[in-house]
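Raw contents of input_16.json, JSON, C-alpha atoms:
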[["chain", "number", "residue", "atom", "x", "y", "z"],
["Y", 257, "MET", "CA", 319.42, -36.84, 76.74],
["Y", 258, "ILE", "CA", 315.60, -36.96, 76.78],
["Y", 259, "VAL", "CA", 315.60, -34.95, 80.01],
["Y", 260, "LEU", "CA", 317.84, -32.33, 78.42],
["Y", 261, "TYR", "CA", 315.54, -32.11, 75.38],
["Y", 262, "VAL", "CA", 312.53, -31.70, 77.68],
["Y", 263, "LEU", "CA", 314.26, -29.00, 79.75],
["Y", 264, "GLY", "CA", 315.36, -27.24, 76.57],
["Y", 265, "GLY", "CA", 311.82, -27.30, 75.23],
["Y", 266, "VAL", "CA", 310.40, -25.95, 78.51],
["Y", 267, "LEU", "CA", 312.99, -23.17, 78.70],
["Y", 268, "GLY", "CA", 312.43, -22.32, 75.04],
["Y", 269, "GLY", "CA", 308.69, -22.14, 75.61],
["Y", 270, "LEU", "CA", 309.13, -19.89, 78.65],
["Y", 271, "MET", "CA", 311.48, -17.61, 76.72],
["Y", 272, "ALA", "CA", 309.00, -17.40, 73.84],
["Y", 273, "LEU", "CA", 306.20, -16.59, 76.30],
["Y", 274, "VAL", "CA", 308.25, -13.85, 77.97],
["Y", 275, "LEU", "CA", 309.19, -12.34, 74.61],
["Y", 276, "ALA", "CA", 305.57, -12.46, 73.48],
["Y", 277, "LEU", "CA", 304.43, -10.68, 76.67],
["Y", 278, "LEU", "CA", 307.13, -8.03, 76.25],
["Y", 279, "ALA", "CA", 306.10, -7.49, 72.64],
["Y", 280, "LEU", "CA", 302.46, -7.20, 73.70],
["Y", 281, "LEU", "CA", 303.34, -4.65, 76.40],
["Y", 282, "LEU", "CA", 305.37, -2.67, 73.88],
["Y", 283, "VAL", "CA", 302.48, -2.61, 71.42],
["Y", 284, "VAL", "CA", 300.01, -1.58, 74.14],
["Y", 285, "SER", "CA", 302.37, 1.17, 75.32],
["Y", 286, "LEU", "CA", 302.15, 2.74, 71.84],
["Y", 287, "PHE", "CA", 298.45, 3.46, 72.36],
["Y", 288, "PRO", "CA", 297.65, 6.64, 74.30],
["Y", 289, "VAL", "CA", 296.28, 6.52, 77.83],
["Y", 290, "GLN", "CA", 293.57, 9.13, 78.38],
["Y", 291, "ALA", "CA", 292.76, 10.73, 81.73],
["Y", 292, "SER", "CA", 289.46, 12.55, 82.26],
["Y", 293, "LEU", "CA", 289.40, 14.88, 85.28],
["Y", 294, "ALA", "CA", 286.32, 16.80, 86.43],
["Y", 295, "PHE", "CA", 285.07, 18.76, 89.42],
["Y", 296, "ARG", "CA", 281.36, 19.22, 90.00],
["Y", 297, "GLY", "CA", 280.94, 19.30, 93.74],
["Y", 298, "GLU", "CA", 283.63, 16.61, 94.04],
["Y", 299, "PHE", "CA", 286.59, 15.43, 92.01],
["Y", 300, "SER", "CA", 286.27, 12.56, 89.56],
["Y", 301, "LEU", "CA", 289.13, 10.92, 87.67],
["Y", 302, "GLU", "CA", 288.90, 8.20, 85.06],
["Y", 303, "LEU", "CA", 291.58, 6.51, 82.97],
["Y", 304, "ARG", "CA", 290.88, 5.01, 79.59],
["Y", 305, "VAL", "CA", 293.23, 2.49, 77.97],
["Y", 306, "LEU", "CA", 292.01, 1.19, 74.60],
["Y", 307, "PHE", "CA", 288.48, -0.05, 75.39],
["Y", 308, "LEU", "CA", 288.99, -0.22, 79.17],
["Y", 309, "ARG", "CA", 287.66, 2.47, 81.53],
["Y", 310, "ILE", "CA", 289.23, 2.63, 84.99],
["Y", 311, "PRO", "CA", 287.52, 5.00, 87.47],
["Y", 312, "LEU", "CA", 289.95, 6.21, 90.15],
["Y", 313, "LEU", "CA", 287.98, 8.99, 91.86],
["Y", 314, "PRO", "CA", 285.81, 9.14, 93.81],
["Y", 315, "GLY", "CA", 287.07, 6.02, 95.52],
["Y", 316, "ARG", "CA", 285.00, 3.63, 97.56],
["Y", 317, "GLU", "CA", 284.70, 4.49, 101.22],
["Y", 318, "GLU", "CA", 286.21, 1.72, 103.31],
["Y", 319, "PRO", "CA", 284.53, 0.82, 106.60],
["Y", 320, "GLU", "CA", 286.27, 2.15, 109.65],
["Y", 321, "LYS", "CA", 288.34, -0.40, 111.52],
["Y", 322, "ASP", "CA", 289.05, -0.48, 115.21],
["Y", 323, "GLU", "CA", 292.55, 0.82, 115.72],
["Y", 324, "PRO", "CA", 294.77, -1.54, 117.73],
["Y", 325, "GLU", "CA", 296.42, -0.27, 120.86],
["Y", 326, "PRO", "CA", 299.78, 1.36, 120.17],
["Y", 327, "GLU", "CA", 302.72, -0.89, 120.82],
["Y", 328, "ALA", "CA", 306.21, 0.02, 121.81],
["Y", 329, "GLU", "CA", 308.02, 1.43, 118.82],
["Y", 330, "GLN", "CA", 310.69, -0.82, 117.35],
["Y", 331, "PRO", "CA", 313.20, 0.04, 114.68],
["Y", 332, "ARG", "CA", 311.76, -0.83, 111.30],
["Y", 333, "GLU", "CA", 313.50, -2.02, 108.19],
["Y", 334, "GLY", "CA", 312.66, 1.24, 106.41],
["Y", 335, "GLN", "CA", 314.17, 3.29, 109.21],
["Y", 336, "GLU", "CA", 317.33, 1.16, 109.11],
["Y", 337, "LYS", "CA", 317.57, 1.70, 105.34],
["Y", 338, "LYS", "CA", 317.13, 5.46, 105.79],
["Y", 339, "SER", "CA", 319.87, 5.57, 108.38],
["Y", 340, "SER", "CA", 322.20, 3.54, 106.15],
["Y", 341, "VAL", "CA", 321.51, 5.87, 103.22],
["Y", 342, "GLY", "CA", 322.22, 8.84, 105.48],
["Y", 343, "GLU", "CA", 325.55, 7.33, 106.52],
["Y", 344, "ARG", "CA", 326.46, 6.70, 102.87],
["Y", 345, "MET", "CA", 325.65, 10.31, 101.99],
["Y", 346, "LYS", "CA", 327.84, 11.52, 104.86],
["Y", 347, "LYS", "CA", 330.70, 9.35, 103.64],
["Y", 348, "ALA", "CA", 330.18, 10.60, 100.08],
["Y", 349, "LEU", "CA", 330.23, 14.20, 101.30],
["Y", 350, "LYS", "CA", 333.52, 13.53, 103.08],
["Y", 351, "ARG", "CA", 334.98, 11.69, 100.09],
["Y", 352, "GLU", "CA", 333.81, 14.02, 97.29],
["Y", 353, "GLY", "CA", 333.99, 17.27, 99.23],
["Y", 354, "LEU", "CA", 331.19, 19.81, 99.31],
["Y", 355, "SER", "CA", 331.71, 20.98, 95.72],
["Y", 356, "GLY", "CA", 331.77, 17.45, 94.29],
["Y", 357, "PHE", "CA", 328.75, 16.40, 96.33],
["Y", 358, "LEU", "CA", 326.73, 19.44, 95.21],
["Y", 359, "GLU", "CA", 327.86, 18.90, 91.61],
["Y", 360, "ALA", "CA", 326.56, 15.31, 91.62],
["Y", 361, "LEU", "CA", 323.34, 16.39, 93.34],
["Y", 362, "GLY", "CA", 322.85, 19.17, 90.80],
["Y", 363, "GLU", "CA", 323.37, 16.70, 87.96],
["Y", 364, "LEU", "CA", 320.64, 14.47, 89.40],
["Y", 365, "VAL", "CA", 318.25, 17.42, 89.65],
["Y", 366, "ARG", "CA", 319.07, 18.43, 86.06],
["Y", 367, "LEU", "CA", 318.47, 14.90, 84.79],
["Y", 368, "ALA", "CA", 315.14, 14.68, 86.65],
["Y", 369, "GLY", "CA", 314.13, 18.03, 85.17],
["Y", 370, "GLY", "CA", 315.03, 16.84, 81.68],
["Y", 371, "ALA", "CA", 312.95, 13.67, 82.12],
["Y", 372, "SER", "CA", 310.00, 15.71, 83.39],
["Y", 373, "ALA", "CA", 310.30, 18.04, 80.39],
["Y", 374, "GLY", "CA", 310.37, 15.06, 78.04],
["Y", 375, "ILE", "CA", 307.23, 13.61, 79.60],
["Y", 376, "LEU", "CA", 305.56, 17.03, 79.46],
["Y", 377, "ARG", "CA", 306.35, 17.28, 75.74],
["Y", 378, "GLY", "CA", 304.59, 13.96, 75.21],
["Y", 379, "LEU", "CA", 301.50, 15.06, 77.14],
["Y", 380, "ARG", "CA", 298.52, 16.21, 75.09],
["Y", 381, "LEU", "CA", 295.73, 18.39, 76.47],
["Y", 382, "LYS", "CA", 292.66, 17.43, 74.46],
["Y", 383, "GLU", "CA", 289.95, 19.41, 76.25],
["Y", 384, "PHE", "CA", 289.87, 22.02, 79.01],
["Y", 385, "ASP", "CA", 286.80, 23.79, 80.33],
["Y", 386, "LEU", "CA", 286.64, 25.91, 83.50],
["Y", 387, "TYR", "CA", 283.68, 27.93, 84.74],
["Y", 388, "LEU", "CA", 284.07, 29.84, 88.00],
["Y", 389, "CYS", "CA", 281.24, 31.98, 89.37],
["Y", 390, "LEU", "CA", 281.87, 34.06, 92.46],
["Y", 391, "GLY", "CA", 279.09, 34.94, 94.88],
["Y", 392, "GLY", "CA", 278.51, 38.63, 95.62],
["Y", 393, "SER", "CA", 275.37, 38.71, 97.71],
["Y", 394, "GLY", "CA", 277.22, 40.25, 100.67],
["Y", 395, "ASP", "CA", 279.44, 43.27, 100.09],
["Y", 396, "ALA", "CA", 279.10, 44.21, 96.41],
["Y", 397, "ALA", "CA", 282.21, 46.41, 96.36],
["Y", 398, "GLN", "CA", 284.38, 43.75, 98.00],
["Y", 399, "ALA", "CA", 282.96, 41.13, 95.64],
["Y", 400, "ALA", "CA", 283.93, 43.28, 92.63],
["Y", 401, "VAL", "CA", 287.49, 43.66, 93.93],
["Y", 402, "LEU", "CA", 287.72, 39.91, 94.55],
["Y", 403, "TYR", "CA", 286.36, 39.26, 91.05],
["Y", 404, "GLY", "CA", 289.14, 41.35, 89.51],
["Y", 405, "GLN", "CA", 291.84, 39.60, 91.54],
["Y", 406, "VAL", "CA", 290.52, 36.09, 90.83],
["Y", 407, "SER", "CA", 290.02, 36.85, 87.12],
["Y", 408, "GLY", "CA", 293.58, 38.07, 86.73],
["Y", 409, "GLY", "CA", 295.01, 35.05, 88.53],
["Y", 410, "VAL", "CA", 292.88, 32.46, 86.71],
["Y", 411, "TYR", "CA", 293.40, 33.86, 83.21],
["Y", 412, "SER", "CA", 297.16, 34.25, 83.79],
["Y", 413, "ALA", "CA", 297.51, 30.70, 85.12],
["Y", 414, "CYS", "CA", 295.46, 29.23, 82.26],
["Y", 415, "GLY", "CA", 297.46, 31.24, 79.72],
["Y", 416, "ALA", "CA", 300.69, 29.80, 81.11],
["Y", 417, "LEU", "CA", 299.16, 26.30, 81.03],
["Y", 418, "PHE", "CA", 298.08, 26.64, 77.39],
["Y", 419, "GLY", "CA", 301.56, 27.90, 76.57],
["Y", 420, "LEU", "CA", 303.00, 24.60, 77.82],
["Y", 421, "LEU", "CA", 300.15, 22.38, 76.63],
["Y", 422, "PRO", "CA", 298.34, 23.80, 73.58],
["Y", 423, "CYS", "CA", 294.66, 22.91, 73.53],
["Y", 424, "LYS", "CA", 292.17, 23.39, 70.69],
["Y", 425, "LYS", "CA", 289.00, 22.75, 72.71],
["Y", 426, "LYS", "CA", 289.37, 25.13, 75.64],
["Y", 427, "GLY", "CA", 287.17, 27.52, 77.54],
["Y", 428, "VAL", "CA", 287.81, 29.64, 80.63],
["Y", 429, "THR", "CA", 285.12, 31.83, 82.20],
["Y", 430, "VAL", "CA", 285.14, 33.75, 85.47],
["Y", 431, "ASP", "CA", 281.76, 35.23, 86.39],
["Y", 432, "LEU", "CA", 280.20, 37.21, 89.26],
["Y", 433, "ASP", "CA", 276.66, 36.65, 90.52],
["Y", 434, "TYR", "CA", 275.44, 39.28, 92.99],
["Y", 435, "SER", "CA", 272.48, 37.10, 93.95],
["Y", 436, "ALA", "CA", 274.60, 34.08, 94.93],
["Y", 437, "GLY", "CA", 276.26, 33.62, 98.28],
["Y", 438, "GLU", "CA", 278.62, 30.73, 97.54],
["Y", 439, "PRO", "CA", 281.08, 30.33, 94.65],
["Y", 440, "GLN", "CA", 280.40, 27.74, 91.97],
["Y", 441, "VAL", "CA", 283.07, 25.75, 90.15],
["Y", 442, "ASP", "CA", 282.53, 23.57, 87.09],
["Y", 443, "PHE", "CA", 285.71, 22.06, 85.65],
["Y", 444, "SER", "CA", 286.59, 19.29, 83.21],
["Y", 445, "ALA", "CA", 289.75, 18.34, 81.34],
["Y", 446, "ARG", "CA", 290.97, 15.46, 79.21],
["Y", 447, "LEU", "CA", 294.64, 14.58, 78.74],
["Y", 448, "SER", "CA", 296.46, 11.79, 76.95],
["Y", 449, "ILE", "CA", 299.98, 10.40, 76.79],
["Y", 450, "ARG", "CA", 301.61, 7.35, 75.31],
["Y", 451, "PRO", "CA", 303.12, 5.09, 78.01],
["Y", 452, "VAL", "CA", 306.13, 4.47, 75.78],
["Y", 453, "VAL", "CA", 307.11, 8.11, 76.31],
["Y", 454, "ILE", "CA", 307.17, 7.65, 80.09],
["Y", 455, "LEU", "CA", 309.03, 4.35, 79.72],
["Y", 456, "TRP", "CA", 311.66, 5.88, 77.42],
["Y", 457, "GLU", "CA", 312.25, 8.92, 79.65],
["Y", 458, "GLY", "CA", 312.41, 6.66, 82.72],
["Y", 459, "LEU", "CA", 315.02, 4.41, 81.11],
["Y", 460, "LYS", "CA", 317.13, 7.39, 80.05],
["Y", 461, "LEU", "CA", 316.90, 8.86, 83.55],
["Y", 462, "PHE", "CA", 317.88, 5.53, 85.12],
["Y", 463, "PHE", "CA", 321.01, 4.96, 83.06],
["Y", 464, "LYS", "CA", 322.14, 8.60, 83.13],
["Y", 465, "SER", "CA", 321.66, 8.75, 86.92],
["Y", 466, "LEU", "CA", 323.91, 5.78, 87.67],
["Y", 467, "ARG", "CA", 327.11, 7.84, 87.68],
["Y", 468, "PRO", "CA", 325.95, 10.70, 89.97],
["Y", 469, "LEU", "CA", 324.13, 8.25, 92.23],
["Y", 470, "LYS", "CA", 327.31, 6.23, 92.60],
["Y", 471, "ARG", "CA", 329.15, 9.41, 93.68],
["Y", 472, "ILE", "CA", 326.48, 10.30, 96.24],
["Y", 473, "LEU", "CA", 325.72, 6.82, 97.62]]

Before we go any further, please render this structure as structure tokens.
Amino acid sequence: MIVLYVLGGVLGGLMALVLALLALLLVVSLFPVQASLAFRGEFSLELRVLFLRIPLLPGREEPEKDEPEPEAEQPREGQEKKSSVGERMKKALKREGLSGFLEALGELVRLAGGASAGILRGLRLKEFDLYLCLGGSGDAAQAAVLYGQVSGGVYSACGALFGLLPCKKKGVTVDLDYSAGEPQVDFSARLSIRPVVILWEGLKLFFKSLRPLKRIL
């Protein structure tokens, strides 16, 4: 009996620890994760979660390693899995017919699109600043034509972006410098999203995809 009490206490403690960790993860997922992206000669990307700052770009350069001599190729586990998935899809195509197979595949695409739209709705664009200066020291007439083309493309693309992700602090400038030979780009943006949004959309996508995946695989 003592052993059973001890085992019960250990299992109860483990369950309480797991529940506490899950509750902590849920609370943390309610706080937004911010991503700061910039380009000034090179890309830089930094994530910020609560008080933590996690730089992702530029990454550390790893020392080059001597490449081993190529060995005779052998079938890998991944390749075997791919071939088995391919065989399952062939069987599903034969079983469901072309219309049923395409219907299930279309449902998967629709579900993935819905999840992406849900995540996009939860994304917040806090700041956006783009400065692009074209160089026109060569052919002035050609530089003016290029300036018009680039301006139209950049302002149209940014307008579409702000239509999807409204931003209060935004600035977009396309300039032309006839004394410069090379273009100059200065870009920075800051986005945020709550991880719980991604988790919720991922769970919905998983459960809703079970039926079409079963038909395909």

- Query: What lies within 9 Å of Y:Glu438 using only C-alpha atoms, ignoring chain neighbours under 3 positions off, as a list of chain:residue names?
  - Reply: Y:Cys389, Y:Leu390, Y:Gly391, Y:Gly392, Y:Ser393

Output of the above residues as a CSV table (one decimal), keeping the file's coordinate frame, restricted to C-alpha atoms:
chain,number,residue,atom,x,y,z
Y,389,CYS,CA,281.2,32.0,89.4
Y,390,LEU,CA,281.9,34.1,92.5
Y,391,GLY,CA,279.1,34.9,94.9
Y,392,GLY,CA,278.5,38.6,95.6
Y,393,SER,CA,275.4,38.7,97.7

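The gap separating atom CA of Y:Ser407 from atom CA of Y:Leu386 is 12.0 Å, in Å to one decimal.
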
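The spacing separating atom CA of Y:Gln440 from atom CA of Y:Gly419 amounts to 26.2 Å.
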
- Task: With a distance cut-off of 8 Å and all atoms listed in the file, select the neighbouring residues of Y:Val305, excluding the residue or stretch itself and same-chain residues fewer than 4 positions from it, and output the selection as number ranges by chain.
- Result: Y: 287-290, 309

Please, could you write that set of residues out with C-alpha atoms as a PDB file, in the frame of the given file?
ATOM      1  CA  PHE Y 287     298.450   3.460  72.360  1.00  0.00           C
ATOM      2  CA  PRO Y 288     297.650   6.640  74.300  1.00  0.00           C
ATOM      3  CA  VAL Y 289     296.280   6.520  77.830  1.00  0.00           C
ATOM      4  CA  GLN Y 290     293.570   9.130  78.380  1.00  0.00           C
ATOM      5  CA  ARG Y 309     287.660   2.470  81.530  1.00  0.00           C
TER       6      ARG Y 309
END

- Looking at Y:Lys460, Y:Arg446, Y:Lys425, Y:Arg296, which one is nearest to Y:Ser372, with distances taken over all atoms listed in the file?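 That would be Y:Lys460, the residue with the smallest distance to Y:Ser372.
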
- For Y:Ala371, which residue out of Y:Pro468, Y:Gly458, Y:Gly265, Y:Pro439 is the nearest one, using only C-alpha atoms?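 Closest residue, counting only C-alpha atoms: Y:Gly458.
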
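For the pair atom CA of Y:Pro311 and atom CA of Y:Leu282, the interatomic distance is 23.7 Å.
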
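The shortest atom-to-atom distance to Y:Gly408, with all atoms listed in the file taken into account, belongs to Y:Val430 out of Y:Val453, Y:Val430, Y:Leu421, Y:Leu459.
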
- Message: Calculated over only C-alpha atoms, which of the candidates Y:Leu402, Y:Leu293, Y:Leu461, Y:Ile310 has the smallest distance to Y:Phe443?
- Response: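 Among Y:Leu402, Y:Leu293, Y:Leu461, Y:Ile310, it is Y:Leu293 that comes nearest to Y:Phe443.
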
- Query: If we count only C-alpha atoms, what is near Y:Gly370 at a cut-off of 12 Å, once residues fewer than 4 positions away on the same chain are taken out, given as a ChimeraX atom specification?
  - Reply: /Y:363-366,374-377,457-458,460-461,464-465

- From Y:Leu278, Y:Val410, Y:Leu312, Y:Ile449, residue lying nearest Y:Arg380 [all atoms listed in the file]: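 Closest to Y:Arg380, using all atoms listed in the file: Y:Ile449.
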